[in-house]
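Undergrad: The following block contains the structure, expressed as structure tokens.
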Amino acid sequence: MNICLVKSRILILFSCLVSGITLGSSNSFAQAQIACDSVDFMLSLWHEIPEAEVAAVGLASGAYGFDEVPGSLHLITSKELDRFSYSDPLRVLRTVAGVNLTEEDGFGLRPNIGLRGSGTNRSSRITIMEDGILIAPAPYTASAAYYFPSIARMSSIEILKGSCQIAFGPQTASGAINLISTLIPRESAATFDMSIGSFGGKQIHVTAGSTSHKSSGTFSYLIEFLELHSDGFKTIENISGLGGYTDLSTGFSKSDGLIKLKYSTPADKFVPQSLELKIAGVSEVSNETYLGLTESDFQESPLLRYAGSASDVMNASQSQIVLTHTISPFTNVELKTDLYRTSLARNWYKLDRVVDSSGVVINLGDILDAPDQYFESFSYLTGSSTPSTAGLELKANNRTYFTRGIQHRAIIKFGALHSFDEVSPIHQNQIIFGIRLHSDGVDRFQWRDRYAMQDGVMLLSDLGIHGTAGNRVETATALASYVRATLHFRNLTITPGLRSEIINFERNDYGSVDIDRAGEGEYRSNFVRALLPGLGFNYRLSYYLDGFAGIHRGFIPPGSNPETSPEFSINTELGLRLSFRYFSGQVVLFSNDYSNLLGADLNASGGLGTDDLFNGGSAQARGLELEFTLDPFADGTFDNLSLPIRLAYTYTNAKFKNSFDSQLEAWGEVESGDALPYLAPHQLSIVTSFVTGKFSTDISARYTSAINTEAGPINSDNTKSIQSSVILDSSIKYNFSPTFRASLGITNLLNSVYAVSRRPYGLRPNMPRSLRLGLVANF
């Protein structure tokens with residue numbers, strides 16, 4: 001542990017004794033908690049990786065100081081997650097500089113996340129992991145994240161940007177996010193966390209676990225259950241005035257279950273090693289739609305949903321099993337092997353298109369963009385009765401995904417122990433080698449049903465034949481490997497690395513005729529190789545100040561179409577980190593130069609939903625990240641008072657570098673210099689906490705500037721942009737004892753109303769003000 005941190009903890013205990021505080025009293029608990037929280041908040045952010053977090057850190061790959069991590073690593077600790085107890089991952093991640101977000105349903109069920117101007121659509125351009133395991137439904141074949149782990153059951157989150165991406169793929173263009181699930185407790189412990197809130201909101205989170213030490217080894221386990229529910233904040237109405245629905249849910253229900261079992265050998269008798277088994281499952285039913293609103297309807301009633309979306313529903317179930325073996329055959333060698341498998345079955349049954357009375361198929365986006373031009377079709381969406389020749393067609397987007405593989409990582413430390421000065425941490429050189437054999441795939445077996453609208457109520461009129469609206473299987477087999485070194489030269493740390501990706505994509509499209517898949521179908525394949533070098537530098541200017549820089553080659557796989565080229569990029573960064581007792585901060589300049597920029601034909605972005613990738617020429621994303629925290633009371637002058645403040649600002653300038661006519665609707669006819677869509681030039685987040693005694697309050701403010709929804713000059717057309725927004729959240733907590741706490745959370749405190757997206761069809765609203773009352777008991 002950092003000597004400075006130890007000294008700070010000693011000073012805290014000393015001040016407690018001098019002040020006459022008895023450590024066993026409830027008052028001393030509150031005061032000691034404030035002091036420790038302040039130290040953790042201030043000293044561990046950018047100077048040292050907190051010792052308590054090292055075991056959970058997957059993206060750091062064995063690093064014990066941020067100088068050993070090539071790039072910008074941000075840790076959202078369990079204490080930070082606990083401040084607001086969000087279940088929406090977008091609200092958690094918005095406090096981190098360099099993270100681009102696009103809201104969709106208000107709950108974060110299928111978040112759109114990007115890093116450093118990479119693009120946000122379905123988080124398909126970043127690598128997402130849970131406990132170091134790829135967690136996207138099919139990260140090589142279909143990386144669009146129609147499943148995202150429940151943030152409410154995570155103990156911490158790691159966000160990595162920069163040259164450290166060499167160790168994590170396949171998407172290495174901008175960064176990676178690793179979600180750390182609940183850790184097995186070191187002793188017997190249980191928690192019960194329950195909350196109720198607006199719009200029928202409910203959350204129940206229960207964990208129980210134990211660790212027992214015996215002569216034959218250490219046995220431990222964890223059992224976890226999470227349930228999330230909401231009735232939804234939108235209302236399905238028939239605005240044609242002809243009766244219709246009165247009480248349909250627009251919310252969701254989601255439940256998670258998890259078991260961890262672990263055995264560790266006794267360190268004094270055997271070579272230290274452990275075996276851990278993780279089994280988890282998730283089920284979800286969400287009444288979500290892609291159908292938004294016209295401009296005029298959004299202005300009048302933003303929380304409205306048209307009657308034509310009444311039957312839209314997502315049914316999904318996900319499972320994962322991971323077996324992890326860790327062994328340290330020598331004091332300077334650590335080997336870790338993961339054997340994993342995940343699966344996702346989902347069917348998003350939702351409105352896909354309208355057939356008018358003349359039998360012409362009309363796209364939903366066209367209808368909402370010009371409701372007067374398509375008056376007949378628009379009237380069906382809003383509840384007017386359809387004649388026999390017209391109808392609403394719903395598509396069953398029925399898909400199953402799988403991933404399976406084995407990955408191995410070796411950390412070898414060598415050379416003399418090194419320290420910059422007498423108070424800096426002691427380091428050793430190390431080499432990290434990793435290899436992963438992975439396969440994943442997606443099976444699409446989809447169809448369309450036709451509905452009639454009768455006085456505002458949808459009635460099934462024609463059942464579609466399964467397999468006639470998408471009938472294909474696509475797979476990928478990949479061998480990924482990397483090597484990365486950490487070399488210390490007194491106050492200089494160099495981290496060179498090289499990643500290799502060898503991928504074979506295959507697809508069999510059986511079409512709408514061969515629904516039994518008796519034939520071989522239309523076959524295509526694509527074989528891809530990529531070498532991705534990277535280099536990072538960290539220079540310790542003083543104990544309080546570090547400078548760092550990095551460069552690496554980014555990569556996005558091209559899919560199974562042999563006519564599509566892989567996307568490559570050159571990504572650079574230059575930054576400073578500083579850490580004092582009262583103040584910690586980081587400033588980073590970044591630049592990502594893309595060649596053969598890839599865009600995906602996703603239904604989520606208004607496309608046809610083929611998921612095919614298309615090249616879009618070259619583009620560049622440049623920007624600035626600024627983060628700092630301060631606490632004016634960190635010196636302990638007021639033992640029972642803490643006021644930490646965190647600020648994160650991101651400037652992003654992402655533009656196309658050449659002109660072309662794109663097959664993707666969100667890009668269209670692109671001119672050189674056009675801004676990439678759905679990337680806010682300015683983002684600002686401020687979080688402050690006031691802690692005194694057993695009481696604490698937290699306030700979070702988020703500003704997002706106007707966003708282009710299509711490629712073009714910034715904010716040149718209000719019909720192709722989303723206006724700026726300011727959102728305030730607040731949380732109040734009271735600790736009755738060290739084991740029992742009550743909280744009141746308010747999301748969107750000012751009840752701001754704004755559009756979060758125009759894709760895929762029409763304007764969509766943010767979540768209005770909502771309240772949440774919670775109780776937490778620890779045993």
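Identifiers in the structure tokens: chain A, B, ... in order shown; residue index from 1 per chain; ligand index from 1 in order shown.
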Mind checking which residues fall within 6 Å of stretch 466-483 of chain A, counting only C-alpha atoms, ignoring those fewer than 3 positions away in the same chain, and posting them as a VMD selection string?
TA: chain A and resid 141 432 to 447 497 to 512 515
Undergrad: Per residue of stretch 281-362 of chain A within 8 Å of stretch 741-759 of chain A, record the nearest atom pair and its distance in Å to one decimal, counting only C-alpha atoms, with rows in chain order and ascending residue number, as a tab-separated table.
TA:
```
residue	atom	partner	partner_atom	distance
A:Tyr290	CA	A:Arg759	CA	7.9
A:Gly292	CA	A:Arg758	CA	7.6
A:Pro302	CA	A:Val753	CA	7.9
```
Undergrad: Hey, can you spit out that residue selection with all heavy atoms as an mmCIF file, in the first residue's frame?
TA:
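Heads up, here's the output in selection.cif:
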```cif
data_model
loop_
_atom_site.group_PDB
_atom_site.id
_atom_site.type_symbol
_atom_site.label_atom_id
_atom_site.label_comp_id
_atom_site.auth_asym_id
_atom_site.auth_seq_id
_atom_site.Cartn_x
_atom_site.Cartn_y
_atom_site.Cartn_z
ATOM 1 N N TYR A 290 -39.551 0.932 -31.061
ATOM 2 C CA TYR A 290 -38.711 1.849 -31.824
ATOM 3 C C TYR A 290 -39.518 3.040 -32.342
ATOM 4 O O TYR A 290 -38.952 3.945 -32.958
ATOM 5 C CB TYR A 290 -38.086 1.130 -33.020
ATOM 6 C CG TYR A 290 -36.805 0.392 -32.703
ATOM 7 C CD1 TYR A 290 -36.217 -0.453 -33.644
ATOM 8 C CD2 TYR A 290 -36.166 0.538 -31.471
ATOM 9 C CE1 TYR A 290 -35.038 -1.126 -33.378
ATOM 10 C CE2 TYR A 290 -34.998 -0.141 -31.192
ATOM 11 C CZ TYR A 290 -34.437 -0.971 -32.149
ATOM 12 O OH TYR A 290 -33.260 -1.628 -31.875
ATOM 13 N N GLY A 292 -41.229 6.432 -32.347
ATOM 14 C CA GLY A 292 -41.225 7.692 -31.617
ATOM 15 C C GLY A 292 -42.405 8.563 -32.010
ATOM 16 O O GLY A 292 -43.479 8.058 -32.365
ATOM 17 N N PRO A 302 -44.886 14.849 -24.935
ATOM 18 C CA PRO A 302 -43.663 14.057 -25.179
ATOM 19 C C PRO A 302 -43.707 12.645 -24.612
ATOM 20 O O PRO A 302 -42.935 11.794 -25.054
ATOM 21 C CB PRO A 302 -42.576 14.898 -24.508
ATOM 22 C CG PRO A 302 -43.288 15.737 -23.502
ATOM 23 C CD PRO A 302 -44.627 16.024 -24.089
#
```
Undergrad: Quick one: pull the distance between atom CA of A:Val361 and atom CA of A:Ser461, Å, one decimal.
TA: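 That distance, rounded to one decimal, is 16.7 Å.
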Undergrad: Hey, which bits of stretch 655-709 of chain A sit within 10 Å of stretch 598-620 of chain A, and for each residue what's the closest pair of atoms and how far apart in Å (one decimal), counting only C-alpha atoms, rows by chain and increasing number, as a Markdown table?
TA:
```
| residue | atom | partner | partner_atom | distance |
| --- | --- | --- | --- | --- |
| A:Lys655 | CA | A:Gln620 | CA | 5.6 |
| A:Phe656 | CA | A:Ala619 | CA | 4.2 |
| A:Lys657 | CA | A:Ala619 | CA | 4.9 |
| A:Asn658 | CA | A:Ser618 | CA | 6.3 |
| A:Ser659 | CA | A:Gly617 | CA | 7.9 |
| A:Phe660 | CA | A:Gly617 | CA | 7.4 |
| A:Asp661 | CA | A:Gly616 | CA | 8.6 |
| A:Ser662 | CA | A:Gly616 | CA | 6.6 |
| A:Gln663 | CA | A:Phe614 | CA | 7.4 |
| A:Leu664 | CA | A:Asp601 | CA | 6.4 |
| A:Glu665 | CA | A:Gly607 | CA | 6.4 |
| A:Ala666 | CA | A:Ser605 | CA | 6.9 |
| A:Trp667 | CA | A:Gly616 | CA | 8.6 |
| A:Val670 | CA | A:Gly616 | CA | 9.1 |
| A:Ser672 | CA | A:Ala619 | CA | 9.0 |
| A:Gly673 | CA | A:Ala619 | CA | 8.9 |
| A:Asp674 | CA | A:Ala619 | CA | 9.5 |
| A:Ala675 | CA | A:Ala619 | CA | 9.3 |
| A:Leu676 | CA | A:Ala619 | CA | 8.5 |
| A:Thr709 | CA | A:Ser605 | CA | 9.9 |
```
Undergrad: So which bits of stretch 133-375 of chain A end up alpha helix (DSSP H) when you DSSP the backbone, as a VMD selection string?
TA: chain A and resid 295 to 300 364 to 369 375
Undergrad: Take the residues that were just selected and, keeping N, CA and C atoms, output them as an mmCIF file, in the first residue's frame.
TA:
```
data_model
loop_
_atom_site.group_PDB
_atom_site.id
_atom_site.type_symbol
_atom_site.label_atom_id
_atom_site.label_comp_id
_atom_site.auth_asym_id
_atom_site.auth_seq_id
_atom_site.Cartn_x
_atom_site.Cartn_y
_atom_site.Cartn_z
ATOM 1 N N GLU A 295 -42.725 15.806 -34.701
ATOM 2 C CA GLU A 295 -42.309 17.043 -34.041
ATOM 3 C C GLU A 295 -43.464 17.664 -33.260
ATOM 4 N N SER A 296 -44.622 17.801 -33.890
ATOM 5 C CA SER A 296 -45.748 18.478 -33.241
ATOM 6 C C SER A 296 -46.271 17.690 -32.054
ATOM 7 N N ASP A 297 -46.360 16.371 -32.176
ATOM 8 C CA ASP A 297 -46.850 15.552 -31.051
ATOM 9 C C ASP A 297 -45.863 15.552 -29.893
ATOM 10 N N PHE A 298 -44.577 15.580 -30.215
ATOM 11 C CA PHE A 298 -43.585 15.619 -29.141
ATOM 12 C C PHE A 298 -43.688 16.930 -28.363
ATOM 13 N N GLN A 299 -43.878 18.031 -29.058
ATOM 14 C CA GLN A 299 -44.000 19.313 -28.376
ATOM 15 C C GLN A 299 -45.244 19.367 -27.499
ATOM 16 N N GLU A 300 -46.298 18.727 -27.936
ATOM 17 C CA GLU A 300 -47.562 18.772 -27.197
ATOM 18 C C GLU A 300 -47.617 17.748 -26.071
ATOM 19 N N LEU A 364 -41.615 3.491 -41.519
ATOM 20 C CA LEU A 364 -42.058 4.266 -40.359
ATOM 21 C C LEU A 364 -41.358 5.613 -40.267
ATOM 22 N N GLY A 365 -40.067 5.630 -40.595
ATOM 23 C CA GLY A 365 -39.331 6.887 -40.539
ATOM 24 C C GLY A 365 -39.887 7.911 -41.504
ATOM 25 N N ASP A 366 -40.248 7.468 -42.709
ATOM 26 C CA ASP A 366 -40.830 8.383 -43.693
ATOM 27 C C ASP A 366 -42.154 8.944 -43.188
ATOM 28 N N ILE A 367 -42.965 8.119 -42.550
ATOM 29 C CA ILE A 367 -44.269 8.569 -42.050
ATOM 30 C C ILE A 367 -44.102 9.661 -40.999
ATOM 31 N N LEU A 368 -43.208 9.440 -40.047
ATOM 32 C CA LEU A 368 -43.062 10.407 -38.954
ATOM 33 C C LEU A 368 -42.335 11.661 -39.397
ATOM 34 N N ASP A 369 -41.493 11.553 -40.421
ATOM 35 C CA ASP A 369 -40.829 12.749 -40.948
ATOM 36 C C ASP A 369 -41.799 13.629 -41.724
ATOM 37 N N PHE A 375 -50.585 10.883 -44.700
ATOM 38 C CA PHE A 375 -51.661 11.072 -43.728
ATOM 39 C C PHE A 375 -52.383 9.763 -43.430
#
```
Undergrad: Using the chain letters and numbers from this document, which residues of stretch 558-719 of chain A does DSSP assign to strand (DSSP E or B), as a PyMOL selection string?
TA: chain A and resi 567-579+583-595+598-600+613-615+619-630+641-642+645-656+660-661+669-670+675+682-692+695-704+707-708+712
Undergrad: Tell me which protein, DNA and RNA residues are within 8 Å of A:Lys278, counting only C-alpha atoms, leaving out same-chain ones fewer than 6 positions away, and put them as a list of chain:residue names.
TA: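 Near A:Lys278, the qualifying residues are A:Leu258, A:Ile259, A:Lys260, A:Leu261, A:Gln320, A:Ile321, A:Val322, A:Leu323.
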Undergrad: Output the selection as a compact mmCIF listing (two decimals), in the first residue's frame - N, CA and C atoms for each residue.
TA:
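Saved result, result.txt, follows:
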```txt
# COMPACT_ATOMS: atom_id res chain seq x y z
N LEU A 258 -27.31 -15.16 -9.64
CA LEU A 258 -25.88 -15.44 -9.79
C LEU A 258 -25.39 -16.28 -8.62
N ILE A 259 -24.50 -17.22 -8.94
CA ILE A 259 -23.83 -18.03 -7.92
C ILE A 259 -22.34 -18.05 -8.23
N LYS A 260 -21.52 -17.84 -7.21
CA LYS A 260 -20.07 -17.99 -7.32
C LYS A 260 -19.59 -18.98 -6.27
N LEU A 261 -18.74 -19.90 -6.69
CA LEU A 261 -18.11 -20.87 -5.79
C LEU A 261 -16.61 -20.80 -6.01
N GLN A 320 -24.72 -17.26 -18.48
CA GLN A 320 -23.27 -17.32 -18.61
C GLN A 320 -22.71 -18.28 -17.57
N ILE A 321 -21.65 -18.94 -17.96
CA ILE A 321 -20.93 -19.82 -17.05
C ILE A 321 -19.44 -19.61 -17.30
N VAL A 322 -18.70 -19.39 -16.23
CA VAL A 322 -17.27 -19.11 -16.33
C VAL A 322 -16.54 -19.92 -15.28
N LEU A 323 -15.51 -20.62 -15.70
CA LEU A 323 -14.64 -21.36 -14.79
C LEU A 323 -13.25 -20.74 -14.88
```
Undergrad: Of the residues A:Pro272, A:Gly281, A:Gly106, A:Gly547, which is the one nearest to A:Arg341, using only C-alpha atoms?
TA: A:Gly281
Undergrad: Do you know which residues are at most 9 Å from stretch 576-593 of chain A counting only C-alpha atoms, after dropping those on the same chain fewer than 4 positions away, and could you put them as a PyMOL selection string?
TA: chain A and resi 39+42-47+72+116-118+162+173-174+543-549+554+568-572+618-635+654
Undergrad: To one decimal place, how far is atom CA of A:Phe690 from atom CA of A:Ser85 in Å?
TA: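 Straight-line distance from atom CA of A:Phe690 to atom CA of A:Ser85 works out to 16.5 Å.
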Undergrad: Nearest to A:Arg484 among A:Val96, A:Ser163, A:Ala190, A:Arg305, with distances taken over only C-alpha atoms: which residue is it?
TA: A:Ser163
Undergrad: Pick out the residues sitting within 12 Å of stretch 695-699 of chain A, and hand them over as an MDAnalysis selection string; count only C-alpha atoms, and ignore anything fewer than 6 positions along from it in its own chain.
TA: chainID A and resid 27 30:31 33:34 37 80:85 95 640:647 685:689 727:737 741:749
Undergrad: Calculate how many Å separate atom CA of A:Phe779 from atom CA of A:Thr739, rounding to one decimal.
TA: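 Taking atom CA of A:Phe779 and atom CA of A:Thr739, their separation equals 6.6 Å.
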Undergrad: At a cut-off of 7 Å, using only C-alpha atoms, what residues contact A:Tyr306? Leave out same-chain residues fewer than 6 positions from it and give the result as an mmCIF file with all heavy atoms, in the first residue's frame.
TA:
```cif
data_model
loop_
_atom_site.group_PDB
_atom_site.id
_atom_site.type_symbol
_atom_site.label_atom_id
_atom_site.label_comp_id
_atom_site.auth_asym_id
_atom_site.auth_seq_id
_atom_site.Cartn_x
_atom_site.Cartn_y
_atom_site.Cartn_z
ATOM 1 N N ILE A 236 -49.692 4.869 -23.699
ATOM 2 C CA ILE A 236 -50.177 4.492 -25.028
ATOM 3 C C ILE A 236 -51.593 5.027 -25.186
ATOM 4 O O ILE A 236 -52.493 4.641 -24.432
ATOM 5 C CB ILE A 236 -50.142 2.969 -25.218
ATOM 6 C CG1 ILE A 236 -48.706 2.450 -25.098
ATOM 7 C CG2 ILE A 236 -50.733 2.579 -26.564
ATOM 8 C CD1 ILE A 236 -48.589 0.948 -25.187
ATOM 9 N N GLU A 237 -51.780 5.908 -26.128
ATOM 10 C CA GLU A 237 -53.083 6.546 -26.310
ATOM 11 C C GLU A 237 -53.528 6.455 -27.762
ATOM 12 O O GLU A 237 -52.707 6.386 -28.681
ATOM 13 C CB GLU A 237 -53.025 8.019 -25.887
ATOM 14 C CG GLU A 237 -52.781 8.227 -24.403
ATOM 15 C CD GLU A 237 -52.806 9.695 -24.024
ATOM 16 O OE1 GLU A 237 -53.141 10.510 -24.901
ATOM 17 O OE2 GLU A 237 -52.494 10.019 -22.869
ATOM 18 N N ASN A 238 -54.832 6.470 -27.939
ATOM 19 C CA ASN A 238 -55.426 6.525 -29.262
ATOM 20 C C ASN A 238 -55.862 7.963 -29.507
ATOM 21 O O ASN A 238 -56.901 8.394 -29.011
ATOM 22 C CB ASN A 238 -56.618 5.568 -29.332
ATOM 23 C CG ASN A 238 -57.449 5.782 -30.576
ATOM 24 O OD1 ASN A 238 -56.938 6.238 -31.590
ATOM 25 N ND2 ASN A 238 -58.742 5.472 -30.488
ATOM 26 N N LEU A 381 -51.306 4.571 -37.410
ATOM 27 C CA LEU A 381 -50.422 4.547 -36.241
ATOM 28 C C LEU A 381 -51.105 5.139 -35.014
ATOM 29 O O LEU A 381 -50.868 4.705 -33.885
ATOM 30 C CB LEU A 381 -49.139 5.333 -36.522
ATOM 31 C CG LEU A 381 -48.183 4.799 -37.585
ATOM 32 C CD1 LEU A 381 -46.966 5.705 -37.690
ATOM 33 C CD2 LEU A 381 -47.751 3.380 -37.269
ATOM 34 N N THR A 382 -51.938 6.138 -35.240
ATOM 35 C CA THR A 382 -52.552 6.854 -34.115
ATOM 36 C C THR A 382 -53.912 6.306 -33.724
ATOM 37 O O THR A 382 -54.582 6.896 -32.875
ATOM 38 C CB THR A 382 -52.677 8.346 -34.461
ATOM 39 O OG1 THR A 382 -53.477 8.506 -35.650
ATOM 40 C CG2 THR A 382 -51.310 8.965 -34.688
#
```
